[in-house]
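> Please see the structure below; I have some questions.
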Amino acid sequence: MAASGDASNDPGSPSDENYHFERLHIEPMYDAFVCPLTKQVMRDPVTLENGLTFEHEAIENWFKECRESGRKPVCPLTLKELRSTELNPSIALSKTIGEWTARNEAAQLDMARRSLNMGSPENETLQALLYVRDICQRSQSNKQVVRNAGLLPMVVDMLKSSSRKVRSRALETLRTVVEEDDENKEILAEGDTVRTIVKFLSHELSKEREEAVSLLYELSKSETLCEKIGSINGAILILVGMTSSKSEDLSTVAKADKTLENLEKCENNVRQMAENGRLRPLLNQLLKGPPEIKLSMAGYLGELVLNNDVKVLVAKTVGSSLINIMKGGNLHSRETALKALNQISSSEPSAKVLIEAGILSPLVKDLFAEGPNHLPMRLKEVSATILANVVYSGDDFDSIPVGPDHQTLVSEDIVCNLLHLISNTGPAIECKLLQVLVGLTSSQATVPSVVAAIKSSGATVSLVQFIEAPQKDLLVASIKLLQNLSPHMGQELADALRGSVGQLGSLIKVISENIGISEEQAAAVGLLADLPERDLGLTRQMLDEGAFQLVISRVISIRQGEIRGGRFMTPFLEGLVKILARVTYVLADEPDAIALCRENSLAALFIELLQTNGLDNVQMVSAIALENLSQECKNLTKLPEVPPPGVCASIFPCLSKQPVITGLCRVHQGICSLKETFCLLEGRAVSKLVALLDHTNVNVVEAALAALSSLLDDGVDIDQGVMVLCDAEGIKPILDVLLEKRSDNLRRRAVWAVERLLRIEDIAYEVSGDQNVSTALVDAFQHADYRTRQIAERALKHVDKIPNFSGIFPNMG
């Protein structure tokens with residue numbers, strides 16, 4: 001047999017790169033070894049009747065083609081017709097080729113061993129790795145040969161090469177070596193090899209990353225290696241990240257996903273996946289696993305920090321299962337379920353899902369239960385926390401039954417039980433139960449029922465006492481609850497606060513804390529702001545405790561930018577201004593209030609606040625305060641002292657001259673100032689109030705008009721008041737307010753003001769030609785309340801729309 005040097009006779013190599021490696025330093029290959037059809041070394045040689053030898057599979061395919069094309073079988077080399085297609089195995093040749101191949105592969109393996117080291121040239125190392133990969137692909141038995149030859153550790157060492165190509169090919173080779181070979185996988189599990197493979201996952205968008213994922217997928221088919229892979233820091237996190245990558249190759253993403261599916265065999269891996277955002281395996285085990293696994297998964301769920309979207313998924317998937325465990329398990333199971341429910345109930349959407357799943361009734365039952373099966377207080381605290389979470393979702397709690405007699409959370413007996421628990425438990429659970437009431441009083445639908453229950457149970461004083469609690473969470477919850485109650489039971493709260501210096505002082509102390517603007521500060525200010533503003537006793541107590549001085553300093557600090565804004569800035573400032581405005585309601589009865597306003601130039605401050613654009617409540621309350629101050633102005637204005645007449649003047653009155661006194665207020669006919677008498681004219685507030693008459697908020701308009709109307713009130717010079725409004729171009733805006741008919745209260749005020757304006761003949765004459773004004777006054781005359789109809793009638797007489805039989809007002813024609 002002659003030796004062959006033809007490259008086409010490569011013994012089964014799939015690549016030209018590997019061919020060069022295989023053809024070096026081996027026994028010559030003979031032509032008889034090569035199939036004439038495949039040009040490759042034969043593995044199963046057979047002989048035809050003419051003595052020619054071919055690869056068994058190749059000649060069978062040749063005969064098949066002959067039959068399918070309708071030709072008689074011929075020899076592929078001689079093309080002569082064959083009498084028989086019988087094939088005779090060439091046993092001797094097959095044995096010779098096998099022996100040659102064994103010797104050849106042994107030599108090649110030896111050469112690969114010499115090439116697999118850091119000192120070899122890159123091309124030789126690549127060829128050696130490719131050779132090892134290819135022979136392992138040819139047969140499963142070759143993987144044992146590679147293992148027995150000690151090549152596996154050498155390939156692993158190539159992962160440390162400085163060449164990317166070598167590292168990538170080493171990963172690829174290892175994947176082929178371990179495919180369906182548990183012994184090779186066990187060898188790879190030793191030492192830090194798996195950790196090294198995981199490190200390649202961090203190589204973004206590289207060939208090494210792709211090969212590492214494929215190799216890990218093969219390794220993850222072994223349960224032993226699943227635990228090993230999961231124990232490596234960051235492995236599961238990176239794999240989870242790859243499954244959601246938008247830039248990753250799709251096949252790599254799929255391999256990462258399949259690897260994670262294999263890793264789910266280990267409980268610890270499932271926990272890690274959940275921690276890194278892949279919750280589905282944990283949820284599946286919680287639903288379908290054996291009891292001990294269910295409990296373990298529920299326990300871990302209670303420890304996880306989840307975002308709100310994930311909480312909704314969890315609530316929808318396992319909420320009902322957790323509720324069932326909470327209702328029917330032993331104490332340990334119930335505790336585990338409660339902690340998990342606490343975790344997922346803390347967002348509004350997930351809380352709504354749990355409510356639909358029926359969580360309210362067992363929660364309430366656990367809270368109120370007594371006897372041998374009752375929950376210990378530490379777990380009642382968890383139940384109270386969950387209840388507070390779900391109540392904050394703002395659902396329709398006055399229609400969801402929670403008791404055997406169709407009671408709801410706002411039924412009187414349920415609320416009374418909550419109040420009883422609040423008064424007879426420790427601070428931690430008291431805080432959570434107060435938060436439940438905060439949630440129930442945050443809804444206009446449920447707050448009346450809670451208010452009624454609090455009043456009937458006489459719990460107001462007890463709730464107010466929590467303001468002095470040393471625990472911050474308890475303090476915040478109590479203040480927020482009282483703030484929610486204050487619009488509905490303000491007088492009761494004012495009486496309770498007035499009865500104890502300590503609690504009012506505690507509220508003022510909260511406001512005084514110089515820590516920016518906190519939630520409890522905003523709530524404390526909101527509570528005080530909603531208390532009855534005409535409660536003189538409370539105002540006096542606040543004056544005595546320096547509350548208003550504190551509020552003034554806070555408002556000024558905000559105006560000067562010394563207190564930075566935050567999410568509580570707006571309610572805080574609104575509340576401060578409303579508290580400050582209460583001083584202006586007691587001016588007639590409280591000299592200290594007048595002194596406070598003078599010393600701190602409050603009229604000027606409220607005028608400034610009129611221009612707080614975007615804060616409607618601040619503008620409205622400031623206008624109301626200015627109305628109160630302006631009303632008091634006529635009582636504070638000093639009338640000029642006229643000197644007594646001389647002797648001649650007393651004898652001869654005709655010789656006397658009335659002294660001329662300058663500097664008097666046009667409206668109040670006396671000596672006015674903004675600081676001392678709170679005169680709007682002196683404070684140049686009129687134009688600013690007029691500007692608010694076209695505000696989009698009807699309440700702001702009403703307050704501004706009321707303040708301006710104080711310049712037209714009895715006890716002042718109305719004619720001059722009208723002239724002041726004319727100078728400020730305020731007549732038309734006031735008429736426009738009348739025409740717009742935005743609310744009954746606003747129309748009532750507008751009719752009153754317009755009637756005063758129409759007492760001036762020139763204005764009445766001008767308005768008499770405006771059919772719109774007349775129509776608006778007629779409408780008020782016909783449809784408004786009795787008092788407003790009377791005023792509208794007088795206004796219509798001023799413009800000659802109704803005959804003036806009394807003759808008091810002349811016909812303007």
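FYI, nothing fancy with the structure tokens labels: chains A, B, ... in order, residues from 1 per chain, ligands from 1 as they appear.
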From stretch 52-294 of chain A, collect each residue whose DSSP state is strand (DSSP E or B) and return the set as a PDB file with N, CA, C and O atoms, in the first residue's frame.

ATOM      1  N   THR A  53     -13.104  -1.305  -2.764  1.00  0.00           N
ATOM      2  CA  THR A  53     -13.561  -1.090  -1.382  1.00  0.00           C
ATOM      3  C   THR A  53     -14.031   0.346  -1.194  1.00  0.00           C
ATOM      4  O   THR A  53     -13.388   1.300  -1.672  1.00  0.00           O
ATOM      5  N   PHE A  54     -15.129   0.446  -0.450  1.00  0.00           N
ATOM      6  CA  PHE A  54     -15.722   1.767  -0.165  1.00  0.00           C
ATOM      7  C   PHE A  54     -16.191   1.825   1.294  1.00  0.00           C
ATOM      8  O   PHE A  54     -16.345   0.780   1.952  1.00  0.00           O
ATOM      9  N   GLU A  55     -16.435   3.058   1.771  1.00  0.00           N
ATOM     10  CA  GLU A  55     -17.082   3.243   3.084  1.00  0.00           C
ATOM     11  C   GLU A  55     -18.513   2.723   2.970  1.00  0.00           C
ATOM     12  O   GLU A  55     -19.226   3.029   2.012  1.00  0.00           O
ATOM     13  N   VAL A  74     -24.231   0.486 -10.786  1.00  0.00           N
ATOM     14  CA  VAL A  74     -22.912   0.424 -11.426  1.00  0.00           C
ATOM     15  C   VAL A  74     -21.867   0.752 -10.374  1.00  0.00           C
ATOM     16  O   VAL A  74     -22.140   1.345  -9.335  1.00  0.00           O
ATOM     17  N   GLU A  81     -21.722  -1.969 -14.966  1.00  0.00           N
ATOM     18  CA  GLU A  81     -22.898  -2.516 -14.285  1.00  0.00           C
ATOM     19  C   GLU A  81     -22.485  -3.684 -13.393  1.00  0.00           C
ATOM     20  O   GLU A  81     -21.652  -4.505 -13.749  1.00  0.00           O
ATOM     21  N   ASN A  88     -19.432  -6.986   1.085  1.00  0.00           N
ATOM     22  CA  ASN A  88     -18.706  -7.872   1.979  1.00  0.00           C
ATOM     23  C   ASN A  88     -17.795  -7.045   2.890  1.00  0.00           C
ATOM     24  O   ASN A  88     -16.962  -6.247   2.404  1.00  0.00           O
ATOM     25  N   PRO A  89     -17.966  -7.176   4.210  1.00  0.00           N
ATOM     26  CA  PRO A  89     -17.108  -6.411   5.138  1.00  0.00           C
ATOM     27  C   PRO A  89     -15.634  -6.727   4.927  1.00  0.00           C
ATOM     28  O   PRO A  89     -15.247  -7.886   4.779  1.00  0.00           O
TER      29      PRO A  89
END
> Excluding A:Glu676 and residues on its chain fewer than 2 positions from it, collect all residues at most 9 Å away from it, counting only C-alpha atoms, and give them as an mmCIF file with N, CA, C and O atoms, in the first residue's frame.

data_model
loop_
_atom_site.group_PDB
_atom_site.id
_atom_site.type_symbol
_atom_site.label_atom_id
_atom_site.label_comp_id
_atom_site.auth_asym_id
_atom_site.auth_seq_id
_atom_site.Cartn_x
_atom_site.Cartn_y
_atom_site.Cartn_z
ATOM 1 N N ILE A 594 -53.914 92.182 68.803
ATOM 2 C CA ILE A 594 -53.626 93.421 68.083
ATOM 3 C C ILE A 594 -52.151 93.768 68.229
ATOM 4 O O ILE A 594 -51.481 94.157 67.263
ATOM 5 N N ALA A 595 -51.652 93.620 69.441
ATOM 6 C CA ALA A 595 -50.238 93.927 69.675
ATOM 7 C C ALA A 595 -49.341 93.029 68.827
ATOM 8 O O ALA A 595 -48.339 93.488 68.262
ATOM 9 N N CYS A 597 -50.071 91.622 65.951
ATOM 10 C CA CYS A 597 -50.170 92.041 64.546
ATOM 11 C C CYS A 597 -49.337 93.289 64.288
ATOM 12 O O CYS A 597 -48.693 93.417 63.236
ATOM 13 N N ARG A 598 -49.359 94.222 65.231
ATOM 14 C CA ARG A 598 -48.596 95.455 65.060
ATOM 15 C C ARG A 598 -47.095 95.195 65.133
ATOM 16 O O ARG A 598 -46.325 95.644 64.275
ATOM 17 N N GLU A 599 -46.684 94.451 66.154
ATOM 18 C CA GLU A 599 -45.257 94.228 66.365
ATOM 19 C C GLU A 599 -44.610 93.472 65.204
ATOM 20 O O GLU A 599 -43.439 93.680 64.888
ATOM 21 N N SER A 601 -45.917 93.350 62.002
ATOM 22 C CA SER A 601 -46.362 93.863 60.691
ATOM 23 C C SER A 601 -47.094 92.787 59.904
ATOM 24 O O SER A 601 -46.794 92.511 58.729
ATOM 25 N N CYS A 633 -59.936 98.041 61.339
ATOM 26 C CA CYS A 633 -59.273 99.325 61.100
ATOM 27 C C CYS A 633 -60.129 100.499 61.566
ATOM 28 O O CYS A 633 -59.644 101.457 62.173
ATOM 29 N N LEU A 636 -59.717 101.175 65.099
ATOM 30 C CA LEU A 636 -58.375 101.553 65.541
ATOM 31 C C LEU A 636 -57.939 102.916 65.020
ATOM 32 O O LEU A 636 -56.971 103.497 65.533
ATOM 33 N N THR A 637 -58.637 103.425 63.999
ATOM 34 C CA THR A 637 -58.251 104.706 63.411
ATOM 35 C C THR A 637 -58.422 105.837 64.420
ATOM 36 O O THR A 637 -59.462 105.962 65.062
ATOM 37 N N CYS A 672 -54.405 106.892 59.758
ATOM 38 C CA CYS A 672 -54.263 105.442 59.499
ATOM 39 C C CYS A 672 -52.831 105.091 59.154
ATOM 40 O O CYS A 672 -52.062 105.924 58.660
ATOM 41 N N SER A 673 -52.514 103.855 59.371
ATOM 42 C CA SER A 673 -51.242 103.297 58.886
ATOM 43 C C SER A 673 -51.439 101.798 58.722
ATOM 44 O O SER A 673 -52.320 101.200 59.343
ATOM 45 N N LEU A 674 -50.599 101.207 57.918
ATOM 46 C CA LEU A 674 -50.701 99.760 57.705
ATOM 47 C C LEU A 674 -50.329 99.010 58.978
ATOM 48 O O LEU A 674 -50.997 98.047 59.367
ATOM 49 N N PHE A 678 -53.870 98.800 60.278
ATOM 50 C CA PHE A 678 -54.112 97.751 59.257
ATOM 51 C C PHE A 678 -54.946 98.270 58.085
ATOM 52 O O PHE A 678 -55.767 97.548 57.513
ATOM 53 N N CYS A 679 -54.753 99.532 57.706
ATOM 54 C CA CYS A 679 -55.532 100.121 56.619
ATOM 55 C C CYS A 679 -55.049 99.583 55.273
ATOM 56 O O CYS A 679 -53.870 99.717 54.928
#
> Would you mind listing what lies within 7 Å of A:Gly526 as a PDB file with C-alpha atoms, in the first residue's frame, with only C-alpha atoms counted and same-chain residues fewer than 4 positions away left out?

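Resulting contents of selection_24.pdb:
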ATOM      1  CA  GLN A 483     -55.463  66.138  61.374  1.00  0.00           C
ATOM      2  CA  ALA A 522     -46.843  69.283  58.051  1.00  0.00           C
ATOM      3  CA  ASP A 530     -58.218  73.149  60.912  1.00  0.00           C
ATOM      4  CA  GLY A 575     -51.200  75.446  57.340  1.00  0.00           C
TER       5      GLY A 575
END
> Quick one: residues within 12 Å of A:Ile563, only C-alpha atoms, excluding same-chain residues fewer than 4 positions away - as a list in words?
Asn514, Ile515, Gly516, Ile517, Ser518, Ser553, Arg554, Val555, Ile556, Ser557, Ile558, Arg559, Phe568, Met569, Phe572 and Leu573 of chain A
> If you keep N, CA and C atoms, can you produce a file of those selected residues as a PDB file, in the first residue's frame?

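Output below, filename out.pdb:
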ATOM      1  N   ASN A 514     -36.131  72.411  63.915  1.00  0.00           N
ATOM      2  CA  ASN A 514     -35.502  73.029  62.744  1.00  0.00           C
ATOM      3  C   ASN A 514     -34.820  71.961  61.894  1.00  0.00           C
ATOM      4  N   ILE A 515     -35.634  71.137  61.231  1.00  0.00           N
ATOM      5  CA  ILE A 515     -35.097  70.009  60.449  1.00  0.00           C
ATOM      6  C   ILE A 515     -35.692  70.016  59.045  1.00  0.00           C
ATOM      7  N   GLY A 516     -35.807  71.213  58.463  1.00  0.00           N
ATOM      8  CA  GLY A 516     -36.488  71.266  57.172  1.00  0.00           C
ATOM      9  C   GLY A 516     -37.981  71.162  57.397  1.00  0.00           C
ATOM     10  N   ILE A 517     -38.654  70.440  56.556  1.00  0.00           N
ATOM     11  CA  ILE A 517     -40.103  70.248  56.711  1.00  0.00           C
ATOM     12  C   ILE A 517     -40.377  68.747  56.656  1.00  0.00           C
ATOM     13  N   SER A 518     -40.746  68.183  57.798  1.00  0.00           N
ATOM     14  CA  SER A 518     -40.999  66.749  57.879  1.00  0.00           C
ATOM     15  C   SER A 518     -42.494  66.471  57.763  1.00  0.00           C
ATOM     16  N   SER A 553     -42.042  83.295  62.219  1.00  0.00           N
ATOM     17  CA  SER A 553     -40.635  83.076  61.840  1.00  0.00           C
ATOM     18  C   SER A 553     -40.523  82.007  60.766  1.00  0.00           C
ATOM     19  N   ARG A 554     -41.370  80.974  60.859  1.00  0.00           N
ATOM     20  CA  ARG A 554     -41.353  79.917  59.840  1.00  0.00           C
ATOM     21  C   ARG A 554     -41.794  80.448  58.473  1.00  0.00           C
ATOM     22  N   VAL A 555     -42.850  81.234  58.464  1.00  0.00           N
ATOM     23  CA  VAL A 555     -43.345  81.793  57.191  1.00  0.00           C
ATOM     24  C   VAL A 555     -42.283  82.682  56.566  1.00  0.00           C
ATOM     25  N   ILE A 556     -41.661  83.520  57.379  1.00  0.00           N
ATOM     26  CA  ILE A 556     -40.634  84.426  56.858  1.00  0.00           C
ATOM     27  C   ILE A 556     -39.443  83.629  56.327  1.00  0.00           C
ATOM     28  N   SER A 557     -39.056  82.578  57.041  1.00  0.00           N
ATOM     29  CA  SER A 557     -37.936  81.748  56.581  1.00  0.00           C
ATOM     30  C   SER A 557     -38.227  81.118  55.228  1.00  0.00           C
ATOM     31  N   ILE A 558     -39.463  80.673  55.053  1.00  0.00           N
ATOM     32  CA  ILE A 558     -39.845  80.085  53.757  1.00  0.00           C
ATOM     33  C   ILE A 558     -39.817  81.149  52.674  1.00  0.00           C
ATOM     34  N   ARG A 559     -40.344  82.332  52.999  1.00  0.00           N
ATOM     35  CA  ARG A 559     -40.376  83.416  52.014  1.00  0.00           C
ATOM     36  C   ARG A 559     -38.971  83.837  51.603  1.00  0.00           C
ATOM     37  N   PHE A 568     -43.553  68.275  51.325  1.00  0.00           N
ATOM     38  CA  PHE A 568     -44.495  68.778  52.335  1.00  0.00           C
ATOM     39  C   PHE A 568     -44.513  70.304  52.405  1.00  0.00           C
ATOM     40  N   MET A 569     -43.764  70.955  51.517  1.00  0.00           N
ATOM     41  CA  MET A 569     -43.668  72.412  51.571  1.00  0.00           C
ATOM     42  C   MET A 569     -45.026  73.090  51.422  1.00  0.00           C
ATOM     43  N   PHE A 572     -47.430  72.569  54.374  1.00  0.00           N
ATOM     44  CA  PHE A 572     -46.837  73.207  55.546  1.00  0.00           C
ATOM     45  C   PHE A 572     -47.079  74.712  55.514  1.00  0.00           C
ATOM     46  N   LEU A 573     -46.774  75.354  54.382  1.00  0.00           N
ATOM     47  CA  LEU A 573     -46.964  76.800  54.278  1.00  0.00           C
ATOM     48  C   LEU A 573     -48.446  77.165  54.363  1.00  0.00           C
TER      49      LEU A 573
END
> So that I can check the surroundings of A:Ile386, please list as a list in words every protein, DNA and RNA residue that reaches within 10 Å of it, counting only C-alpha atoms and ignoring chain neighbours fewer than 2 positions away.
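So the residues in contact are Leu338, Lys339, Ala340, Leu341, Asn342, Gln343, Ile344, Ser345, Ser346, Ala351, Ile359, Leu360, Leu363, Lys380, Glu381, Val382, Ser383, Ala384, Ala388, Asn389, Val390, Val391, Tyr392, Lys432 and Val436 of chain A.
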> Would you write out those residues with N, CA, C and O atoms, as an mmCIF file, in the first residue's frame?

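So part.cif came out as:
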data_model
loop_
_atom_site.group_PDB
_atom_site.id
_atom_site.type_symbol
_atom_site.label_atom_id
_atom_site.label_comp_id
_atom_site.auth_asym_id
_atom_site.auth_seq_id
_atom_site.Cartn_x
_atom_site.Cartn_y
_atom_site.Cartn_z
ATOM 1 N N LEU A 338 -47.854 35.557 57.529
ATOM 2 C CA LEU A 338 -48.097 36.959 57.888
ATOM 3 C C LEU A 338 -46.930 37.845 57.454
ATOM 4 O O LEU A 338 -47.130 38.946 56.919
ATOM 5 N N LYS A 339 -45.717 37.363 57.669
ATOM 6 C CA LYS A 339 -44.555 38.169 57.293
ATOM 7 C C LYS A 339 -44.474 38.349 55.780
ATOM 8 O O LYS A 339 -44.104 39.421 55.289
ATOM 9 N N ALA A 340 -44.821 37.298 55.038
ATOM 10 C CA ALA A 340 -44.831 37.421 53.573
ATOM 11 C C ALA A 340 -45.927 38.378 53.122
ATOM 12 O O ALA A 340 -45.717 39.221 52.233
ATOM 13 N N LEU A 341 -47.099 38.283 53.712
ATOM 14 C CA LEU A 341 -48.205 39.180 53.360
ATOM 15 C C LEU A 341 -47.875 40.622 53.728
ATOM 16 O O LEU A 341 -48.256 41.558 53.018
ATOM 17 N N ASN A 342 -47.167 40.793 54.821
ATOM 18 C CA ASN A 342 -46.748 42.142 55.209
ATOM 19 C C ASN A 342 -45.855 42.741 54.135
ATOM 20 O O ASN A 342 -45.984 43.928 53.785
ATOM 21 N N GLN A 343 -44.982 41.923 53.583
ATOM 22 C CA GLN A 343 -44.060 42.402 52.560
ATOM 23 C C GLN A 343 -44.795 42.828 51.293
ATOM 24 O O GLN A 343 -44.503 43.878 50.721
ATOM 25 N N ILE A 344 -45.757 42.044 50.855
ATOM 26 C CA ILE A 344 -46.385 42.333 49.555
ATOM 27 C C ILE A 344 -47.603 43.240 49.666
ATOM 28 O O ILE A 344 -48.164 43.641 48.641
ATOM 29 N N SER A 345 -48.033 43.578 50.889
ATOM 30 C CA SER A 345 -49.228 44.419 51.029
ATOM 31 C C SER A 345 -48.908 45.898 51.037
ATOM 32 O O SER A 345 -49.811 46.730 51.081
ATOM 33 N N SER A 346 -47.623 46.247 50.981
ATOM 34 C CA SER A 346 -47.231 47.639 51.206
ATOM 35 C C SER A 346 -47.258 48.513 49.965
ATOM 36 O O SER A 346 -46.599 49.541 49.917
ATOM 37 N N ALA A 351 -52.148 45.667 47.506
ATOM 38 C CA ALA A 351 -53.100 45.624 48.620
ATOM 39 C C ALA A 351 -54.514 45.377 48.103
ATOM 40 O O ALA A 351 -55.279 44.614 48.695
ATOM 41 N N ILE A 359 -58.471 39.041 52.403
ATOM 42 C CA ILE A 359 -57.549 39.132 53.538
ATOM 43 C C ILE A 359 -58.145 39.854 54.740
ATOM 44 O O ILE A 359 -57.717 39.636 55.880
ATOM 45 N N LEU A 360 -59.148 40.723 54.530
ATOM 46 C CA LEU A 360 -59.619 41.571 55.627
ATOM 47 C C LEU A 360 -60.209 40.781 56.791
ATOM 48 O O LEU A 360 -59.882 41.023 57.958
ATOM 49 N N LEU A 363 -57.709 38.964 59.032
ATOM 50 C CA LEU A 363 -56.874 39.935 59.738
ATOM 51 C C LEU A 363 -57.603 40.484 60.960
ATOM 52 O O LEU A 363 -57.047 40.548 62.059
ATOM 53 N N LYS A 380 -49.750 39.962 66.340
ATOM 54 C CA LYS A 380 -50.863 40.914 66.169
ATOM 55 C C LYS A 380 -50.343 42.234 65.604
ATOM 56 O O LYS A 380 -51.033 42.910 64.835
ATOM 57 N N GLU A 381 -49.139 42.569 65.985
ATOM 58 C CA GLU A 381 -48.527 43.787 65.431
ATOM 59 C C GLU A 381 -48.343 43.654 63.912
ATOM 60 O O GLU A 381 -48.588 44.598 63.157
ATOM 61 N N VAL A 382 -47.911 42.460 63.468
ATOM 62 C CA VAL A 382 -47.764 42.231 62.022
ATOM 63 C C VAL A 382 -49.133 42.311 61.345
ATOM 64 O O VAL A 382 -49.286 42.909 60.272
ATOM 65 N N SER A 383 -50.158 41.707 61.974
ATOM 66 C CA SER A 383 -51.518 41.776 61.419
ATOM 67 C C SER A 383 -51.978 43.228 61.313
ATOM 68 O O SER A 383 -52.596 43.629 60.312
ATOM 69 N N ALA A 384 -51.695 44.004 62.359
ATOM 70 C CA ALA A 384 -52.087 45.414 62.347
ATOM 71 C C ALA A 384 -51.352 46.172 61.246
ATOM 72 O O ALA A 384 -51.924 47.055 60.586
ATOM 73 N N ALA A 388 -53.092 48.078 58.194
ATOM 74 C CA ALA A 388 -52.791 49.481 57.870
ATOM 75 C C ALA A 388 -52.396 49.623 56.407
ATOM 76 O O ALA A 388 -52.814 50.564 55.718
ATOM 77 N N ASN A 389 -51.592 48.681 55.903
ATOM 78 C CA ASN A 389 -51.174 48.720 54.498
ATOM 79 C C ASN A 389 -52.370 48.652 53.553
ATOM 80 O O ASN A 389 -52.477 49.430 52.599
ATOM 81 N N VAL A 390 -53.267 47.701 53.811
ATOM 82 C CA VAL A 390 -54.379 47.522 52.873
ATOM 83 C C VAL A 390 -55.387 48.661 53.003
ATOM 84 O O VAL A 390 -56.027 49.050 52.016
ATOM 85 N N VAL A 391 -55.527 49.222 54.207
ATOM 86 C CA VAL A 391 -56.456 50.339 54.382
ATOM 87 C C VAL A 391 -55.981 51.557 53.602
ATOM 88 O O VAL A 391 -56.783 52.320 53.061
ATOM 89 N N TYR A 392 -54.664 51.731 53.504
ATOM 90 C CA TYR A 392 -54.115 52.873 52.769
ATOM 91 C C TYR A 392 -54.383 52.764 51.265
ATOM 92 O O TYR A 392 -54.155 53.722 50.526
ATOM 93 N N LYS A 432 -49.502 51.053 64.711
ATOM 94 C CA LYS A 432 -50.083 50.441 63.510
ATOM 95 C C LYS A 432 -51.605 50.596 63.498
ATOM 96 O O LYS A 432 -52.204 50.855 62.452
ATOM 97 N N VAL A 436 -54.154 52.456 60.891
ATOM 98 C CA VAL A 436 -55.392 51.928 60.302
ATOM 99 C C VAL A 436 -56.458 53.018 60.317
ATOM 100 O O VAL A 436 -57.151 53.267 59.310
#
> As a PyMOL selection string, please: every residue in stretch 467-545 of chain A that a backbone DSSP assignment puts in alpha helix (DSSP H).
chain A and resi 472-498+501-512+519-530+536-544
> Which residues are close to A:Arg534, i.e. within 9 Å by only C-alpha atoms, leaving aside same-chain residues fewer than 2 positions away? Reply as a VMD selection string.
chain A and resid 531 to 532 536 to 539 582 to 583 585 to 586
> Report, in Å with one decimal, the straight-line distance from atom CA of A:Asn628 to atom CA of A:Asn484.
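If I compute the distance from atom CA of A:Asn628 to atom CA of A:Asn484, I get 27.0 Å.
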> Which residue gives the smallest distance to A:Gly403 among A:Val364, A:Leu286, A:Ala524, A:Ile479, with only C-alpha atoms counted?
A:Val364
> Quick one: residues within 12 Å of stretch 439-451 of chain A, only C-alpha atoms counted, chain neighbours fewer than 6 positions away excluded, as a ChimeraX atom specification?
/A:348,385,387-400,408-419,432-433,457-460,477-478,480-490,492-493
> Quick one: of A:Glu68, A:Glu682, A:Glu267, A:Asp762, who's nearest to A:Asp719, counting only C-alpha atoms?
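Counting only C-alpha atoms, the residue closest to A:Asp719 is A:Asp762.
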> Could you work out how far atom CA of A:Ser139 lies from atom CA of A:Glu210, giving the answer in Å with one decimal?
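Atom-to-atom, atom CA of A:Glu210 to atom CA of A:Ser139, that is 24.5 Å.
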